[in-house]
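Heads up: the structure comes next, in structure tokens.
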Amino acid sequence: MSLLLTPTTLGPLSLQNHMVMSPMTRSRAIGNVPNALMATYYGQRASAGLIVTEGIAPSPNGLGYARIPGLYSQAQVEGWKLTTAAAHAGGARIIAQLMHTGRVSHPLNMPAGSRVLAPSAIAAKGQMWTDQSQMQDQPVPEAMTAGDILAAIQEYVAASQHAIAAGFDGVELHAANGYLIEQFIRPTSNQRTDSYGGSIERRAKFVLELVDRVSTAIGSDKVGIRLSPFGTFNDMPLYDAMEEDYAYLAEQLGVRDILYVHVLDHSAGGAPPVPDAIKATFRQHISRLILAGGYTAERAEADLAAGRGDLIAFGVPFLANPDLPARFAAGAALNAPDFTTLYSADAKGYTDYPVLA
Ligand SMILES: Cc1cc2nc3c(=O)[nH]c(=O)nc-3n(C[C@H](O)[C@H](O)[C@H](O)COP(=O)(O)O)c2cc1C
């Protein structure tokens with residue numbers, strides 16, 4: 001008996017199964033505005049219980065990658081309505097992932113007048129793709145002033161309100177994978193000496209203020225968050241107090257009782273394993289927990305049966321298999337992903353993956 005494929009609920013949302021489509025940046029939003037091609041892509045995958053969209057910038061300052069969408073203009077709200085309608089028509093619920101890239105960025109990817117911002121003026125090692133000049137070193141960001149922090153929080157609040165206006169069932173704060181929120185959480189990227197830097201209570205202030213302000217604006221039952229404890233992506237090295245820091249976050253998020261916490265384990269991709277103890281701490285504090293990272297149907301069933309998580313998210317498998325739940329139900333083979341078209345600009349490798357006959 002498959003738990004994965006049976007209906008369930010997530011707070012106020014009824015879901016047609018326990019499967020989540022993981023957030024995946026696909027760089028098809030020409031001009032940073034979501035379009036009909038993107039609605040087709042999400043609509044094809046609407047047999048998921050829950051879709052979490054690709055990372056969406058809450059403001060022009062958050063547009064670190066080429067051709068990623070935003071949620072700060074009326075044109076973007078209108079564009080997203082196509083996607084939310086397509087997802088709902090297929091029976092899925094859909095959440096907008098709000099991703100401010102912070103220092104993981106390049107000015108060539110950003111509109112005129114925007115700024116590369118981060119908690120401290122420390123560049124992320126590594127390079128960024130730009131359509132104009134291919135790979136470029138990531139720049140030294142500007143350290144955010146107190147005013148910049150207030151403005152960024154206000155941008156997330158406004159983007160969350162726009163998400164609801166566009167028909168989304170809620171938002172997910174992207175606090176994983178080395179982007180702005182994680183840049184505040186981690187001591188290597190946050191060396192501030194004001195109330196947003198120092199102890200974990202201070203490094204967590206930005207994310208917890210965001211959770212509280214966005215919850216006040218749209219309702220705590222519409223707010224999820226994604227974290228990647230022990231993730232090292234985007235120049236986020238391990239450090240001694242990592243486990244204690246994420247235990248503090250689990251406890252603080254548990255008290256807030258938001259829609260869900262989504263924990264991504266990068267170990268299947270070669271990153272350090274996430275200790276079982278930290279996963280158990282999240283399970284202890286969080287009543288609606290989504291687990292992600294390298295899942296097969298078998299491992300998903302086992303983790304659901306053991307109560308280790310409430311929903312399981314699939315990334316690459318959903319990208320290459322629009323009918324992933326039907327394939328799991330049939331025990332059918334999966335399409336292989338085409339890694340050359342992950343971030344290209346058109347329909348090839350995006351909306352042309354075949355479904356079962
Ligand atoms: C093409 C691609 C783009 C991604 N973009 C995002 C993103 O925008 N936001 C995010 O939180 N994770 C992103 N991820 C990570 C996935 O959500 C997922 O957690 C990861 O692929 C591991 O899960 P999987 O093994 O099921 O694919 C991306 C992954 C891929 C392959």
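Labeling convention for the structure tokens: chains A, B, ... as they appear, residues from 1 per chain, ligands from 1 in order of appearance.
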
Expected answer as an MDAnalysis selection string: alpha helix (DSSP H) residues in range 12-185 of chain A: chainID A and resid 36:44 74:89 146:165 180:185

Within-10 Å residues of ligand 1, basis only C-alpha atoms and all ligand atoms, as a PyMOL selection string: chain A and resi 20-27+52-56+68+97-99+101+172-179+225-228+262-269+291-296+312-319+337+339+341-343

Writer output for current selection, C-alpha atoms, as a tab-separated table (two decimals), in the first residue's frame:
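The file below, again.tsv, is the result:
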```tsv
chain	number	residue	atom	x	y	z
A	20	VAL	CA	5.89	17.63	-3.60
A	21	MET	CA	7.57	18.99	-6.70
A	22	SER	CA	10.78	20.57	-5.40
A	23	PRO	CA	11.59	24.18	-6.29
A	24	MET	CA	13.75	24.32	-9.42
A	25	THR	CA	15.15	27.39	-11.16
A	26	ARG	CA	14.69	26.92	-14.92
A	27	SER	CA	15.54	30.39	-16.30
A	52	VAL	CA	6.85	24.62	-4.99
A	53	THR	CA	7.88	26.98	-7.77
A	54	GLU	CA	11.38	27.87	-8.84
A	55	GLY	CA	13.01	30.61	-6.78
A	56	ILE	CA	11.26	33.97	-7.38
A	68	ILE	CA	14.65	34.16	-13.25
A	97	GLN	CA	9.31	30.13	-3.43
A	98	LEU	CA	10.70	33.58	-2.56
A	99	MET	CA	14.43	33.60	-3.32
A	101	THR	CA	19.96	35.72	-4.13
A	172	GLU	CA	8.07	29.39	0.86
A	173	LEU	CA	10.93	31.49	2.24
A	174	HIS	CA	14.10	30.15	0.62
A	175	ALA	CA	16.49	29.97	3.58
A	176	ALA	CA	18.67	27.27	2.02
A	177	ASN	CA	21.45	26.84	-0.54
A	178	GLY	CA	23.53	29.92	0.24
A	179	TYR	CA	21.10	32.70	-0.74
A	225	ILE	CA	10.33	27.78	4.82
A	226	ARG	CA	13.16	25.76	3.26
A	227	LEU	CA	16.43	25.11	5.12
A	228	SER	CA	19.55	23.15	4.18
A	262	HIS	CA	11.09	21.91	4.23
A	263	VAL	CA	14.49	20.35	4.97
A	264	LEU	CA	16.84	19.65	2.10
A	265	ASP	CA	19.61	17.06	2.51
A	266	HIS	CA	22.31	17.57	-0.12
A	267	SER	CA	24.23	14.39	0.71
A	268	ALA	CA	22.87	12.46	-2.29
A	269	GLY	CA	24.62	15.13	-4.39
A	291	LEU	CA	11.90	16.12	3.35
A	292	ALA	CA	13.89	16.58	0.12
A	293	GLY	CA	17.07	15.44	-1.58
A	294	GLY	CA	17.84	12.37	-3.68
A	295	TYR	CA	14.57	10.54	-3.04
A	296	THR	CA	13.41	7.45	-4.90
A	312	ILE	CA	8.43	13.99	0.29
A	313	ALA	CA	9.79	16.35	-2.37
A	314	PHE	CA	11.23	15.26	-5.72
A	315	GLY	CA	13.31	17.58	-7.89
A	316	VAL	CA	15.11	16.11	-10.90
A	317	PRO	CA	12.64	13.18	-11.15
A	318	PHE	CA	9.73	15.65	-11.57
A	319	LEU	CA	11.72	17.81	-13.98
A	337	PRO	CA	17.04	14.29	-17.31
A	339	PHE	CA	21.37	18.32	-17.99
A	341	THR	CA	18.88	22.23	-21.03
A	342	LEU	CA	18.34	22.86	-17.30
A	343	TYR	CA	18.79	26.62	-17.62
```

Residues near Pro34 in chain A, cut-off 9 Å, only C-alpha atoms, skip fewer than 5 positions along chain, as a list in words: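 Selected residues are Arg28, Ala29, Ala39, Ile68, Pro69, Gly70, Ala75, Gln76, Val77, Glu78, Gly79, Trp80, Leu82 and Thr83 of chain A.
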
With C-alpha atoms retained, write the just-selected residues as a CSV table (one decimal), in the first residue's frame.
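Okay, selection.csv is ready:
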```
chain,number,residue,atom,x,y,z
A,28,ARG,CA,12.7,30.6,-18.8
A,29,ALA,CA,11.3,33.9,-17.5
A,39,ALA,CA,2.4,27.8,-17.1
A,68,ILE,CA,14.7,34.2,-13.3
A,69,PRO,CA,11.2,35.5,-12.5
A,70,GLY,CA,10.1,38.1,-9.9
A,75,ALA,CA,3.0,42.3,-14.9
A,76,GLN,CA,4.6,39.5,-12.9
A,77,VAL,CA,1.4,39.0,-10.8
A,78,GLU,CA,-0.6,38.7,-14.0
A,79,GLY,CA,2.0,36.3,-15.5
A,80,TRP,CA,1.9,34.1,-12.4
A,82,LEU,CA,-1.4,31.6,-15.7
A,83,THR,CA,0.7,29.2,-13.7
```

Pick from A:Ala165, A:Ile181, A:Met236, A:Leu324, whichever lies nearest to Leu117 in chain A using only C-alpha atoms: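 Counting only C-alpha atoms, the residue closest to Leu117 in chain A is A:Ile181.
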
Neighbour list for Asp221 in chain A as a list in words, cut-off 7 Å, only C-alpha atoms, skip fewer than 3 positions in-chain: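 Result of the neighbour search: Gly11, Ile258 and Leu259 of chain A.
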
Test item: residues at most 6 Å from range 307-311 of chain A, only C-alpha atoms, excluding those fewer than 5 positions along its chain, as JSON, numbers by chain: {"A": [18, 289, 290, 291]}

Would you list the contacts of range 206-217 of chain A as a compact mmCIF listing (two decimals) with C-alpha atoms, in the first residue's frame, taking every protein, DNA or RNA residue within 9 Å and counting only C-alpha atoms, but skipping same-chain residues closer than 6 positions in sequence?
```txt
# COMPACT_ATOMS: atom_id res chain seq x y z
CA ILE A 149 17.44 45.26 5.99
CA ILE A 153 11.88 42.64 4.77
CA GLN A 154 9.27 44.96 3.30
CA TYR A 156 9.36 39.99 1.05
CA VAL A 157 6.10 41.14 2.64
CA ALA A 158 4.95 42.84 -0.56
CA SER A 160 4.00 37.55 -0.36
CA GLN A 161 0.93 39.72 -0.79
CA LEU A 173 10.93 31.49 2.24
CA ALA A 175 16.49 29.97 3.58
CA ILE A 181 18.57 34.35 4.23
CA GLU A 182 21.21 31.64 4.70
CA PHE A 184 22.46 35.87 7.45
CA ILE A 185 22.26 32.52 9.30
CA TYR A 196 21.73 40.93 13.06
CA VAL A 223 4.03 30.47 5.12
CA GLY A 224 6.55 27.68 4.62
CA ILE A 225 10.33 27.78 4.82
CA LEU A 249 16.05 27.40 14.27
CA GLN A 252 11.98 28.81 16.99
CA LEU A 253 10.11 27.72 13.85
CA ARG A 256 5.66 29.75 15.22
CA ILE A 258 3.78 27.92 10.23
```

Between CA of Ser73 in chain A and CA of Pro60 in chain A, distance in Å (one decimal):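 Separation of CA of Ser73 in chain A and CA of Pro60 in chain A: 9.9 Å.
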
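Distance-wise, CA of Val116 in chain A and CA of Met128 in chain A end up 13.0 Å apart.
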
Long-range neighbours of Met144 in chain A as a PyMOL selection string, 7 Å cut-off, only C-alpha atoms, 2 positions minimum in chain: chain A and resi 117-120+142+146+148-149

Please write the residues from the selection above to a file, keeping C-alpha atoms, as a PDB file, in the first residue's frame.
```
ATOM      1  CA  LEU A 117      23.491  43.120  -1.193  1.00  0.00           C
ATOM      2  CA  ALA A 118      24.503  40.771   1.616  1.00  0.00           C
ATOM      3  CA  PRO A 119      24.901  40.846   5.414  1.00  0.00           C
ATOM      4  CA  SER A 120      28.636  41.533   5.045  1.00  0.00           C
ATOM      5  CA  GLU A 142      27.544  45.789  -0.376  1.00  0.00           C
ATOM      6  CA  ALA A 146      19.858  48.860   8.864  1.00  0.00           C
ATOM      7  CA  ASP A 148      18.532  48.052   3.620  1.00  0.00           C
ATOM      8  CA  ILE A 149      17.439  45.261   5.988  1.00  0.00           C
TER       9      ILE A 149
END
```

Given only C-alpha atoms as the counted atoms, nearest of A:Glu301, A:Asp352, A:Asp346, A:Asp131 to Met19 in chain A: A:Glu301

DSSP-assigned strand (DSSP E or B) among range 33-82 of chain A, expressed as JSON, numbers by chain: {"A": [50, 51, 52, 53, 54, 55, 56, 57, 70]}

Print the selection's residues with C-alpha atoms to a file, as a PDB file, in the first residue's frame.
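File written: again-v8.pdb
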```pdb
ATOM      1  CA  LEU A  50       2.063  20.286  -3.912  1.00  0.00           C
ATOM      2  CA  ILE A  51       4.208  22.256  -6.349  1.00  0.00           C
ATOM      3  CA  VAL A  52       6.852  24.623  -4.985  1.00  0.00           C
ATOM      4  CA  THR A  53       7.875  26.981  -7.772  1.00  0.00           C
ATOM      5  CA  GLU A  54      11.376  27.868  -8.841  1.00  0.00           C
ATOM      6  CA  GLY A  55      13.006  30.612  -6.779  1.00  0.00           C
ATOM      7  CA  ILE A  56      11.263  33.966  -7.381  1.00  0.00           C
ATOM      8  CA  ALA A  57      12.948  37.293  -6.600  1.00  0.00           C
ATOM      9  CA  GLY A  70      10.132  38.129  -9.948  1.00  0.00           C
TER      10      GLY A  70
END
```

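Of the residues under consideration (A:Thr130, A:Asn190, A:Ser344, A:Thr6), A:Thr130 shows the shortest atom-to-atom contact distance to Leu63 in chain A when counting only C-alpha atoms.
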
Pick from A:Ala163, A:Ala333, A:Ala357, A:Ala347 nearest to Pro58 in chain A, counting only C-alpha atoms: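 Ranking A:Ala163, A:Ala333, A:Ala357, A:Ala347 by distance to Pro58 in chain A, first place goes to A:Ala163.
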
Computed interatomic separation between CA of Thr188 in chain A and CA of Ser59 in chain A (Å):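 So the two atoms, CA of Thr188 in chain A and CA of Ser59 in chain A, lie 24.6 Å apart.
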